[in-house]
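Data file: input08.txt. Format and content: compact mmCIF, C-alpha atoms.
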# COMPACT_ATOMS: atom_id res chain seq x y z
CA MET K 1 -2.25 12.85 -3.93
CA GLN K 2 1.36 12.14 -4.80
CA PHE K 3 3.76 10.05 -2.71
CA LEU K 4 7.16 11.76 -2.82
CA GLY K 5 8.54 9.00 -0.63
CA THR K 6 7.40 5.93 1.26
CA ALA K 7 10.39 5.33 3.55
CA GLY K 8 9.94 4.65 7.25
CA GLY K 9 12.49 3.89 9.93
CA ARG K 10 16.02 5.24 10.14
CA HIS K 11 17.66 2.46 8.15
CA VAL K 12 15.39 2.74 5.12
CA VAL K 13 15.70 6.54 5.17
CA ALA K 14 19.48 6.60 5.71
CA ARG K 15 20.11 4.12 2.91
CA GLN K 16 17.34 5.63 0.74
CA LEU K 17 15.93 2.19 0.02
CA ARG K 18 12.75 4.21 -0.41
CA ALA K 19 12.59 7.98 -0.89
CA SER K 20 11.56 10.18 2.04
CA GLY K 21 10.12 13.31 0.44
CA GLY K 22 6.69 13.34 2.11
CA ILE K 23 3.28 13.57 0.46
CA PHE K 24 1.93 16.25 -1.90
CA LEU K 25 -1.79 16.98 -1.97
CA ARG K 26 -3.77 19.02 -4.46
CA LEU K 27 -7.25 19.48 -3.03
CA GLU K 28 -9.72 21.94 -4.56
CA GLN K 29 -6.77 23.67 -6.30
CA VAL K 30 -5.01 24.10 -2.95
CA HIS K 31 -1.45 22.74 -2.90
CA ILE K 32 -0.15 21.21 0.35
CA LEU K 33 3.13 19.46 1.12
CA MET K 34 3.05 17.18 4.13
CA ASP K 35 6.10 16.05 6.14
CA PRO K 36 8.97 17.11 3.83
CA GLY K 37 11.65 14.65 4.93
CA PRO K 38 15.18 14.21 3.54
CA GLY K 39 15.29 14.78 -0.21
CA SER K 40 11.85 16.35 -0.45
CA LEU K 41 12.99 19.16 -2.74
CA VAL K 42 14.76 16.69 -5.04
CA GLN K 43 11.68 14.47 -5.16
CA CYS K 44 9.49 17.48 -6.00
CA VAL K 45 11.70 18.29 -8.99
CA LYS K 46 11.92 14.64 -10.11
CA ALA K 47 8.22 13.91 -9.67
CA ALA K 48 6.00 13.21 -12.66
CA PRO K 49 4.03 15.38 -12.81
CA ARG K 50 6.52 17.79 -11.30
CA VAL K 51 5.67 19.42 -7.98
CA ASP K 52 6.64 23.10 -8.01
CA PRO K 53 7.32 24.33 -4.44
CA ALA K 54 6.66 27.89 -5.67
CA ASN K 55 2.99 26.93 -6.04
CA LEU K 56 2.55 25.57 -2.53
CA ASP K 57 -0.09 27.16 -0.32
CA GLY K 58 0.85 25.37 2.87
CA ILE K 59 3.23 22.95 4.56
CA VAL K 60 2.02 20.58 7.27
CA VAL K 61 4.61 19.03 9.59
CA THR K 62 3.06 16.42 11.87
CA HIS K 63 6.11 16.30 14.16
CA GLY K 64 9.68 17.44 14.31
CA HIS K 65 11.62 14.27 13.54
CA ILE K 66 14.22 14.36 10.80
CA ASP K 67 12.37 11.94 8.51
CA HIS K 68 9.33 14.25 8.58
CA ALA K 69 10.87 17.72 8.67
CA ASN K 70 14.45 17.64 7.36
CA ASP K 71 13.68 19.63 4.18
CA VAL K 72 11.17 22.08 5.64
CA ASN K 73 13.65 24.97 5.42
CA ILE K 74 14.65 24.52 1.79
CA ILE K 75 11.01 23.98 0.83
CA ILE K 76 10.05 27.27 2.50
CA ASP K 77 12.92 29.00 0.71
CA ALA K 78 11.79 27.56 -2.64
CA MET K 79 8.13 28.33 -1.94
CA THR K 80 8.86 31.98 -1.27
CA GLY K 81 11.54 32.68 -3.87
CA GLY K 82 14.19 33.05 -1.19
CA GLY K 83 11.96 35.45 0.69
CA ASP K 84 11.28 37.72 -2.29
CA ARG K 85 7.64 36.53 -2.28
CA PRO K 86 6.60 36.09 1.37
CA ARG K 87 3.66 33.69 1.32
CA GLY K 88 2.30 30.36 2.51
CA THR K 89 1.49 28.89 5.89
CA LEU K 90 3.43 26.43 8.01
CA PHE K 91 1.31 24.23 10.27
CA ALA K 92 3.35 22.40 12.91
CA PRO K 93 3.40 21.60 16.63
CA ARG K 94 5.07 24.39 18.61
CA PRO K 95 8.24 22.38 19.40
CA CYS K 96 8.94 22.34 15.65
CA TYR K 97 9.57 26.09 15.63
CA GLU K 98 10.14 27.11 19.26
CA GLY K 99 12.90 26.32 21.74
CA ASN K 100 15.81 23.93 21.41
CA THR K 101 13.80 21.36 19.41
CA SER K 102 13.02 23.82 16.61
CA VAL K 103 13.58 22.48 13.10
CA LEU K 104 12.86 25.89 11.49
CA TYR K 105 15.66 28.35 10.77
CA HIS K 106 14.79 31.61 12.51
CA TYR K 107 15.42 33.84 9.50
CA LEU K 108 12.82 31.95 7.45
CA ARG K 109 9.95 32.98 9.72
CA ASP K 110 9.53 36.28 7.89
CA PHE K 111 9.37 34.45 4.56
CA LEU K 112 6.04 32.91 5.57
CA LYS K 113 2.62 34.49 5.67
CA GLU K 114 2.03 32.80 9.00
CA ILE K 115 2.96 29.94 11.29
CA VAL K 116 0.02 28.12 12.86
CA PRO K 117 0.54 25.79 15.84
CA LEU K 118 -1.04 22.35 15.66
CA GLY K 119 -2.86 21.10 18.74
CA PRO K 120 -5.08 18.12 19.55
CA ARG K 121 -8.50 17.77 17.92
CA ARG K 122 -8.56 21.25 16.36
CA GLU K 123 -9.89 22.60 13.08
CA TYR K 124 -7.76 24.44 10.51
CA ALA K 125 -8.08 25.71 6.95
CA ILE K 126 -5.85 26.29 3.95
CA GLY K 127 -7.87 28.25 1.44
CA ASN K 128 -11.11 26.36 1.01
CA VAL K 129 -9.67 23.08 2.31
CA ARG K 130 -10.42 22.31 5.93
CA PHE K 131 -8.56 19.81 8.07
CA ARG K 132 -8.58 18.68 11.64
CA THR K 133 -6.00 17.08 13.86
CA SER K 134 -6.30 13.83 15.76
CA GLY K 135 -5.82 13.44 19.46
CA ALA K 136 -2.19 13.59 20.55
CA HIS K 137 -0.22 10.59 19.31
CA HIS K 138 2.01 8.57 21.64
CA HIS K 139 5.39 9.36 20.14
CA SER K 140 8.74 10.77 21.27
CA ALA K 141 7.82 14.21 19.89
CA GLU K 142 4.54 16.13 19.95
CA THR K 143 2.67 14.50 17.07
CA TYR K 144 -0.76 14.72 15.45
CA GLY K 145 -2.46 12.86 12.64
CA VAL K 146 -4.38 14.90 10.09
CA ILE K 147 -7.76 14.48 8.38
CA TYR K 148 -8.39 16.68 5.31
CA ARG K 149 -11.94 17.38 4.19
CA THR K 150 -13.31 18.77 0.95
CA PRO K 151 -16.84 18.55 -0.48
CA ARG K 152 -15.62 15.58 -2.52
CA VAL K 153 -13.39 13.51 -0.26
CA SER K 154 -11.94 13.11 3.23
CA ILE K 155 -8.44 11.68 3.72
CA GLY K 156 -6.92 10.64 7.03
CA PHE K 157 -3.19 10.33 7.71
CA MET K 158 -2.40 8.04 10.63
CA VAL K 159 1.18 9.02 11.36
CA ASP K 160 3.74 7.71 13.86
CA THR K 161 2.54 6.50 17.26
CA VAL K 162 2.09 3.48 19.46
CA TYR K 163 -1.24 1.89 18.60
CA ASP K 164 -4.06 3.17 20.78
CA PRO K 165 -7.69 2.19 20.02
CA ASP K 166 -8.83 5.47 21.58
CA LEU K 167 -7.16 7.38 18.73
CA LEU K 168 -9.34 5.71 16.11
CA ASP K 169 -12.28 8.01 16.83
CA SER K 170 -10.21 10.88 15.44
CA TYR K 171 -10.23 9.22 12.02
CA ARG K 172 -13.85 8.10 11.75
CA GLY K 173 -15.48 9.15 8.50
CA ALA K 174 -12.26 9.26 6.50
CA GLU K 175 -13.07 7.74 3.11
CA MET K 176 -9.39 7.25 2.34
CA LEU K 177 -6.82 6.29 4.96
CA VAL K 178 -3.04 6.62 4.69
CA PHE K 179 -1.42 4.44 7.32
CA TYR K 180 2.21 4.86 8.38
CA ALA K 181 3.09 1.18 8.84
CA THR K 182 6.77 1.09 9.81
CA PHE K 183 6.92 -2.45 11.19
CA HIS K 184 5.54 -5.75 9.98
CA ARG K 185 4.66 -6.98 13.44
CA ARG K 186 4.23 -5.21 16.75
CA ALA K 187 6.88 -7.40 18.35
CA ASP K 188 9.55 -6.24 15.90
CA ASN K 189 10.53 -3.35 18.16
CA PRO K 190 7.75 -2.01 20.39
CA SER K 191 9.97 0.65 21.97
CA THR K 192 10.19 2.63 18.74
CA LEU K 193 6.68 4.08 19.05
CA HIS K 194 5.56 3.40 15.47
CA TYR K 195 2.61 1.61 13.89
CA SER K 196 2.86 -1.90 12.47
CA VAL K 197 0.95 -3.75 9.75
CA GLU K 198 -0.93 -5.57 12.51
CA ASP K 199 -2.04 -2.17 13.82
CA ALA K 200 -3.12 -1.20 10.32
CA GLU K 201 -5.27 -4.33 10.13
CA GLU K 202 -7.08 -3.47 13.36
CA ALA K 203 -7.55 0.18 12.42
CA ILE K 204 -8.88 -0.56 8.94
CA ALA K 205 -11.23 -3.23 10.31
CA VAL K 206 -12.74 -0.64 12.67
CA LEU K 207 -12.75 2.43 10.42
CA ARG K 208 -13.74 0.71 7.14
CA PRO K 209 -12.45 3.32 4.70
CA ARG K 210 -13.22 2.93 1.01
CA LYS K 211 -9.51 2.65 0.30
CA ALA K 212 -6.36 2.45 2.44
CA PHE K 213 -2.68 2.99 1.66
CA LEU K 214 0.41 1.74 3.48
CA THR K 215 3.44 4.05 3.58
CA HIS K 216 6.37 4.98 5.85
CA MET K 217 7.52 1.37 5.56
CA GLY K 218 10.56 0.06 7.42
CA LEU K 219 12.91 -2.83 6.72
CA SER K 220 10.62 -5.57 8.04
CA VAL K 221 7.73 -4.45 5.80
CA LEU K 222 10.00 -4.26 2.76
CA ALA K 223 11.34 -7.73 3.55
CA ALA K 224 7.81 -9.11 3.78
CA GLY K 225 6.92 -7.63 0.39
CA PRO K 226 4.66 -4.54 0.60
CA ASP K 227 2.39 -5.67 -2.24
CA ARG K 228 1.91 -9.10 -0.66
CA VAL K 229 1.22 -7.51 2.71
CA ALA K 230 -1.37 -5.17 1.19
CA LYS K 231 -3.09 -7.94 -0.77
CA LYS K 232 -3.33 -10.10 2.35
CA LEU K 233 -5.00 -7.23 4.19
CA SER K 234 -7.37 -6.56 1.28
CA ASP K 235 -8.42 -10.21 1.08
CA LYS K 236 -8.92 -10.49 4.83
CA LEU K 237 -10.73 -7.19 5.41
CA GLY K 238 -12.68 -6.71 2.20
CA VAL K 239 -11.22 -3.20 1.86
CA GLU K 240 -8.88 -2.19 -0.96
CA VAL K 241 -5.44 -1.79 0.62
CA ILE K 242 -2.56 -0.54 -1.52
CA ALA K 243 1.14 -0.46 -0.72
CA ALA K 244 2.27 2.97 -1.86
CA GLN K 245 5.24 3.29 -4.17
CA ASP K 246 7.64 6.20 -4.52
CA GLY K 247 6.16 8.61 -7.06
CA MET K 248 2.70 7.03 -6.97
CA VAL K 249 -0.06 9.42 -7.99
CA VAL K 250 -3.55 8.75 -6.64
CA GLY K 251 -6.53 10.39 -8.27
CA LEU K 252 -9.06 11.72 -5.78
CA PRO K 253 -12.82 11.67 -6.27
For this file, produce the structure as structure tokens.
Amino acid sequence: MQFLGTAGGRHVVARQLRASGGIFLRLEQVHILMDPGPGSLVQCVKAAPRVDPANLDGIVVTHGHIDHANDVNIIIDAMTGGGDRPRGTLFAPRPCYEGNTSVLYHYLRDFLKEIVPLGPRREYAIGNVRFRTSGAHHHSAETYGVIYRTPRVSIGFMVDTVYDPDLLDSYRGAEMLVFYATFHRRADNPSTLHYSVEDAEEAIAVLRPRKAFLTHMGLSVLAAGPDRVAKKLSDKLGVEVIAAQDGMVVGLP
């Protein structure tokens, strides 16, 4: 797992205080790019080790906001050699590629092997990697978290939403948890429909993963010091919590 960006919130993304390229996963030799936000292609090229979009098997877009889907078109173009090598699968909620909320250029549809709509609590596969979606998140666009499963590891991605204890069941059994903690405290701005560090604390206490990561961090989390925030959670919960850094590579079991 490779963090191509850890930015959350419009101000951190717009000022590129943290990169916003999404997350690359290599699971059982299957290559997946998740939420290719602004600068994703640049971060792929700059990454160490380098991420070659031409080797991607699938792209997963959890929702159609600019910080999660801005680079989806150029990534598809790079993945398919400008359409010379039609291949790969795009997984995304229908509003990401249909109607007036579509983030996908129409001409790129034929570059892909297929487009698969994401729905609540459904099972999917990319090669021999299976994943399921969470229940619908409470966000301003149709949004789903994702839990990947291989024979070796399961990884849950708790993406943007207002905190809802009922959603936690979707993530039970995830050995590793990636938590999109945009705000330090819930009271920072509750109308923005994003998780906070306080939400992360509650979720990790219930789900008890072996390891958890904080990403998608906004200004208030950066001001509090992500490493200090993560250490405080680790000490309190007895679970290893790590504040992700741009470019961080995480070895998977």
Got a sec: who's within 9 Å of Pro226 in chain K, counting all atoms listed in the file, leaving out chain neighbours fewer than 3 positions off, as a PyMOL selection string? chain K and resi 214+217+221-223+229-231+242-244
In the coordinates of the file, take the point (0.2, 23.1, 14.7) and a cut-off of 10 Å; then, counting all atoms listed in the file, name each qualifying protein, DNA or RNA residue as a PDB file with C-alpha atoms, keeping the file's coordinate frame.
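Output saved as part01.pdb:
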ATOM      1  CA  VAL K  60       2.020  20.580   7.270  1.00  0.00           C
ATOM      2  CA  VAL K  61       4.610  19.030   9.590  1.00  0.00           C
ATOM      3  CA  THR K  62       3.060  16.420  11.870  1.00  0.00           C
ATOM      4  CA  HIS K  63       6.110  16.300  14.160  1.00  0.00           C
ATOM      5  CA  LEU K  90       3.430  26.430   8.010  1.00  0.00           C
ATOM      6  CA  PHE K  91       1.310  24.230  10.270  1.00  0.00           C
ATOM      7  CA  ALA K  92       3.350  22.400  12.910  1.00  0.00           C
ATOM      8  CA  PRO K  93       3.400  21.600  16.630  1.00  0.00           C
ATOM      9  CA  ARG K  94       5.070  24.390  18.610  1.00  0.00           C
ATOM     10  CA  PRO K  95       8.240  22.380  19.400  1.00  0.00           C
ATOM     11  CA  CYS K  96       8.940  22.340  15.650  1.00  0.00           C
ATOM     12  CA  TYR K  97       9.570  26.090  15.630  1.00  0.00           C
ATOM     13  CA  ILE K 115       2.960  29.940  11.290  1.00  0.00           C
ATOM     14  CA  VAL K 116       0.020  28.120  12.860  1.00  0.00           C
ATOM     15  CA  PRO K 117       0.540  25.790  15.840  1.00  0.00           C
ATOM     16  CA  LEU K 118      -1.040  22.350  15.660  1.00  0.00           C
ATOM     17  CA  GLY K 119      -2.860  21.100  18.740  1.00  0.00           C
ATOM     18  CA  PRO K 120      -5.080  18.120  19.550  1.00  0.00           C
ATOM     19  CA  ARG K 122      -8.560  21.250  16.360  1.00  0.00           C
ATOM     20  CA  TYR K 124      -7.760  24.440  10.510  1.00  0.00           C
ATOM     21  CA  THR K 133      -6.000  17.080  13.860  1.00  0.00           C
ATOM     22  CA  GLU K 142       4.540  16.130  19.950  1.00  0.00           C
ATOM     23  CA  THR K 143       2.670  14.500  17.070  1.00  0.00           C
ATOM     24  CA  TYR K 144      -0.760  14.720  15.450  1.00  0.00           C
TER      25      TYR K 144
END
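Here CA of Ala48 in chain K and CA of Val249 in chain K stand 8.5 Å from one another.
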Compile the contact shell of Val197 in chain K as a ChimeraX atom specification: residues with an atom at most 7 Å away, counting only C-alpha atoms, same-chain residues fewer than 2 positions apart removed. /K:181,183-185,195,199-201
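Taking CA of Ala136 in chain K and CA of Gly88 in chain K as endpoints, the distance between them is 25.0 Å.
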Spatial neighbours of Gln245 in chain K, 9 Å, all atoms listed in the file, chain gap at least 6 places, as a PyMOL selection string: chain K and resi 3-6+18+215
Interatomic distance between CA of Ile32 in chain K and CA of Val129 in chain K? 9.9 Å
For Asn73 in chain K, please output as a PyMOL selection string all residues within 9 Å (counting all atoms listed in the file; exclusion window: fewer than 6 positions along the same chain). chain K and resi 103-105+108
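Of the listed residues (K:Met158, K:Ala54, K:Leu27, K:Val12), K:Ala54 comes nearest to Arg85 in chain K; the distances count all atoms listed in the file.
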Excluding Tyr148 in chain K and its own-chain neighbours fewer than 5 positions away, which residues fall within 8 Å of it when counting only C-alpha atoms? Please give them as a PDB file with C-alpha atoms, in the coordinates of the input.
ATOM      1  CA  VAL K 129      -9.670  23.080   2.310  1.00  0.00           C
ATOM      2  CA  ARG K 130     -10.420  22.310   5.930  1.00  0.00           C
ATOM      3  CA  PHE K 131      -8.560  19.810   8.070  1.00  0.00           C
ATOM      4  CA  ARG K 132      -8.580  18.680  11.640  1.00  0.00           C
ATOM      5  CA  SER K 154     -11.940  13.110   3.230  1.00  0.00           C
ATOM      6  CA  ILE K 155      -8.440  11.680   3.720  1.00  0.00           C
ATOM      7  CA  GLY K 156      -6.920  10.640   7.030  1.00  0.00           C
TER       8      GLY K 156
END
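The shortest atom-to-atom distance to Thr161 in chain K, with only C-alpha atoms taken into account, belongs to K:His137 out of K:His137, K:Glu175, K:Gly22, K:Gly145.
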Which of these residues is nearest to Ile66 in chain K, using all atoms listed in the file: K:Val13, K:Leu233, K:Met176, K:Leu207?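 Among K:Val13, K:Leu233, K:Met176, K:Leu207, it is K:Val13 that comes nearest to Ile66 in chain K.
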With all atoms listed in the file as the basis for distance, which of K:Ala212, K:Val72, K:Val162, K:Ala7 is at the shortest distance from Arg186 in chain K?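 The shortest atom-to-atom distance to Arg186 in chain K comes from K:Val162.
Remark: for Tyr163 in chain K, the closest of the candidate residues K:Ser102, K:Ser196, K:Ser191, K:Ser134 is K:Ser196 (distances computed over all atoms listed in the file).
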